[in-house]
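The structure appears right after this line, and notes come after that.
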Amino acid sequence: MSSQTPPAVLPVASDPCWCGSGRKYKRCHKPLEGKVLPGVVSPMRTVPDSIGKPPYADTGEVPRTEEARVKSPEIIERMRYACDMAAEILKLAGDFVKPGMTTNDIDVFVHDETIKRGAYPSPLNYHHYPKSVCTSLNEVICHGIPDSTVVNDGDIINLDVTCYVNGVHGDTNATFFVGEVDEESKLLTLVAEECMWKGIEAVVPGRPISDVGKAIETHAKLHRMGVIRAFIGHGIGELFHSDIQVLHYYDSRNNMIMRPGMTFTVEPMISLGTWQHKMWDDDWTAVTADGKRTAQFEHTLLVTETGVEVLTAKGAVSPSAPWNRG
Ligand code: MF3
Ligand code: CO
Ligand code: CO
């Protein structure tokens, strides 16, 4: 006899698996329980012709172009607008999440809120990414694709919103609680947000960008948590991802000097266990190698003459941040 669905009463770890494979339960289905599985992805949504589109919108191919690291005041003004919009939609999307809805429901919401404001949802068809937001649940590190997966009470979910408007992108993400969440997940989420702010506080003109990763890694280590290595912060502006690289752990080779007018993201992914990741067959969804939960926060930043401006913060910045002290 073999079975597809688990019984109401599960076996003891060392007993045979309920599925009839003949293997011990702990070596068969137990590791998969409560884990995120790929769902069904609905057809790609469309954007009205009246909305300005990035070069990849129709083809999914991202042209290999470069942009200046130091932005003109005019581009910065445009970025402020795109970043404000992304921040506003991220907040609305976080409030919208309820147990029982699907990650596709969140995509529909973000897509509609974005086009309502005359902007293009940057993820849509970026390197053929099929949806308008990234929804990353529990052990999904980043780039989770919205699908038929139901979000449940006790889950944590990262929503990553990017808006393209007036020719520039604004990129921000946050991790939200679905209903009542366990204490360990609450602490993980808190530490991930603190790590982001530690990284942001390390943005100082004239300093190497490795200061950012050093600050993040130090704080994660204090809490015995892992810093995911495969995904990094990036330059942003007219391109979604441009050539500035922001590692979230310390590496002396990440030594670009931060200069006023540079714009980039800080977006650490912090895990309860390993820093190592695995990739799903969809080539987008990254999960922790050990299946433990992970949380992330992201802001788009501008290096100023004296420090940093958080373009996606809409004034709601950390009370401990340097620009808010005395
Ligand atoms: N917003 C993500 C970031 O922070 C990138 C998403 S790319 C996508 O860099 F194609 F998955 F949307
Ligand atoms: Co993002
Ligand atoms: Co980003």
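All residue names refer to the structure tokens as shown: chains lettered A, B, ... in order, residues numbered from 1 in each chain, ligands numbered from 1 in order.
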
Contact check, stretch 90-171 of chain A to stretch 298-315 of chain A, at most 12 Å, counting only C-alpha atoms, closest pairs as JSON lines:
{"residue": "A:Leu90", "atom": "CA", "partner": "A:Thr312", "partner_atom": "CA", "distance": 9.8}
{"residue": "A:Lys91", "atom": "CA", "partner": "A:Lys314", "partner_atom": "CA", "distance": 10.6}
{"residue": "A:Cys142", "atom": "CA", "partner": "A:Glu298", "partner_atom": "CA", "distance": 11.4}
{"residue": "A:Asn158", "atom": "CA", "partner": "A:Glu298", "partner_atom": "CA", "distance": 10.1}
{"residue": "A:Leu159", "atom": "CA", "partner": "A:Glu298", "partner_atom": "CA", "distance": 10.0}
{"residue": "A:Asp160", "atom": "CA", "partner": "A:Glu298", "partner_atom": "CA", "distance": 8.1}
{"residue": "A:Val161", "atom": "CA", "partner": "A:Glu298", "partner_atom": "CA", "distance": 9.7}
{"residue": "A:Thr162", "atom": "CA", "partner": "A:Thr300", "partner_atom": "CA", "distance": 10.0}
{"residue": "A:Cys163", "atom": "CA", "partner": "A:Thr312", "partner_atom": "CA", "distance": 11.0}
{"residue": "A:His169", "atom": "CA", "partner": "A:Thr300", "partner_atom": "CA", "distance": 9.4}
{"residue": "A:Gly170", "atom": "CA", "partner": "A:Thr300", "partner_atom": "CA", "distance": 6.6}
{"residue": "A:Asp171", "atom": "CA", "partner": "A:Thr300", "partner_atom": "CA", "distance": 5.8}

Rows by chain and residue number, stretch 103-155 of chain A within 9 Å of stretch 232-240 of chain A, shortest pair, only C-alpha atoms, as a tab-separated table:
residue	atom	partner	partner_atom	distance
A:Ser122	CA	A:Phe240	CA	7.5
A:Pro123	CA	A:Phe240	CA	8.9
A:Tyr126	CA	A:Phe240	CA	8.9

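Distance check against A:Trp197 using only C-alpha atoms: of A:Phe297, A:Tyr249, A:Trp280, A:Phe231, the minimum falls on A:Phe297.
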
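Each of A:Met44, A:Ile141, A:Met262, A:Leu37 was checked against A:Lys292 using only C-alpha atoms; the smallest atom-to-atom distance is that of A:Ile141.
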
Nearest to A:Glu139, chosen from A:Ile76, A:Val36, A:Ile216, A:Val204, with only C-alpha atoms counted in the distances:
A:Val36

Using DSSP assignments from the backbone, pull out every residue in stretch 40-271 of chain A that falls under helix (DSSP H, G or I) and give it to me as a VMD selection string.
chain A and resid 73 to 96 103 to 116 126 to 128 183 to 201 210 to 222

Using only C-alpha atoms, which protein or nucleic acid residues come within 12 Å of A:Ala202? Drop anything in the same chain fewer than 5 positions from it, and give the result as a list in words.
Cys195, Met196, Trp197, Arg207, Pro208, Ile209, Ser210, Asp211, Val212, Gly213, Lys214, Ala215, Ile216, Val246, His248, Met258, Val266, Leu301, Val303, Thr306, Gly307, Val308, Ala321, Pro322 and Trp323 of chain A

Resulting file, chosen residues, C-alpha atoms, as a compact mmCIF listing (two decimals), in the first residue's frame:
# COMPACT_ATOMS: atom_id res chain seq x y z
CA CYS A 195 20.63 44.15 10.80
CA MET A 196 19.27 46.29 7.96
CA TRP A 197 19.41 49.43 10.14
CA ARG A 207 34.09 54.92 3.74
CA PRO A 208 34.37 51.54 1.95
CA ILE A 209 31.06 49.79 1.31
CA SER A 210 32.38 46.72 3.18
CA ASP A 211 31.49 48.66 6.38
CA VAL A 212 27.85 47.79 5.61
CA GLY A 213 28.42 44.03 5.55
CA LYS A 214 30.67 44.22 8.60
CA ALA A 215 27.93 45.92 10.65
CA ILE A 216 25.28 43.46 9.50
CA VAL A 246 26.60 45.52 -1.36
CA HIS A 248 25.76 41.70 3.70
CA MET A 258 30.81 55.39 -0.94
CA VAL A 266 20.78 47.34 1.66
CA LEU A 301 19.39 54.59 -0.06
CA VAL A 303 24.56 58.64 0.05
CA THR A 306 27.10 63.83 5.62
CA GLY A 307 25.56 60.34 5.73
CA VAL A 308 22.56 58.66 4.20
CA ALA A 321 19.51 56.01 13.21
CA PRO A 322 22.30 58.64 13.10
CA TRP A 323 20.20 61.22 11.21

Please list as a PyMOL selection string every residue within 9 Å of A:Arg78, counting only C-alpha atoms and excluding residues in the same chain fewer than 4 positions away.
chain A and resi 73-74+82-83+165-169

Selection to disk with C-alpha atoms, as a compact mmCIF listing (two decimals), in the first residue's frame:
# COMPACT_ATOMS: atom_id res chain seq x y z
CA PRO A 73 19.89 65.81 -8.70
CA GLU A 74 17.24 65.39 -11.38
CA ALA A 82 9.41 55.96 -7.22
CA CYS A 83 10.75 55.08 -3.75
CA VAL A 165 7.93 55.32 -12.79
CA ASN A 166 9.38 58.31 -14.72
CA GLY A 167 12.21 56.06 -15.89
CA VAL A 168 13.57 54.97 -12.49
CA HIS A 169 13.08 52.17 -9.96
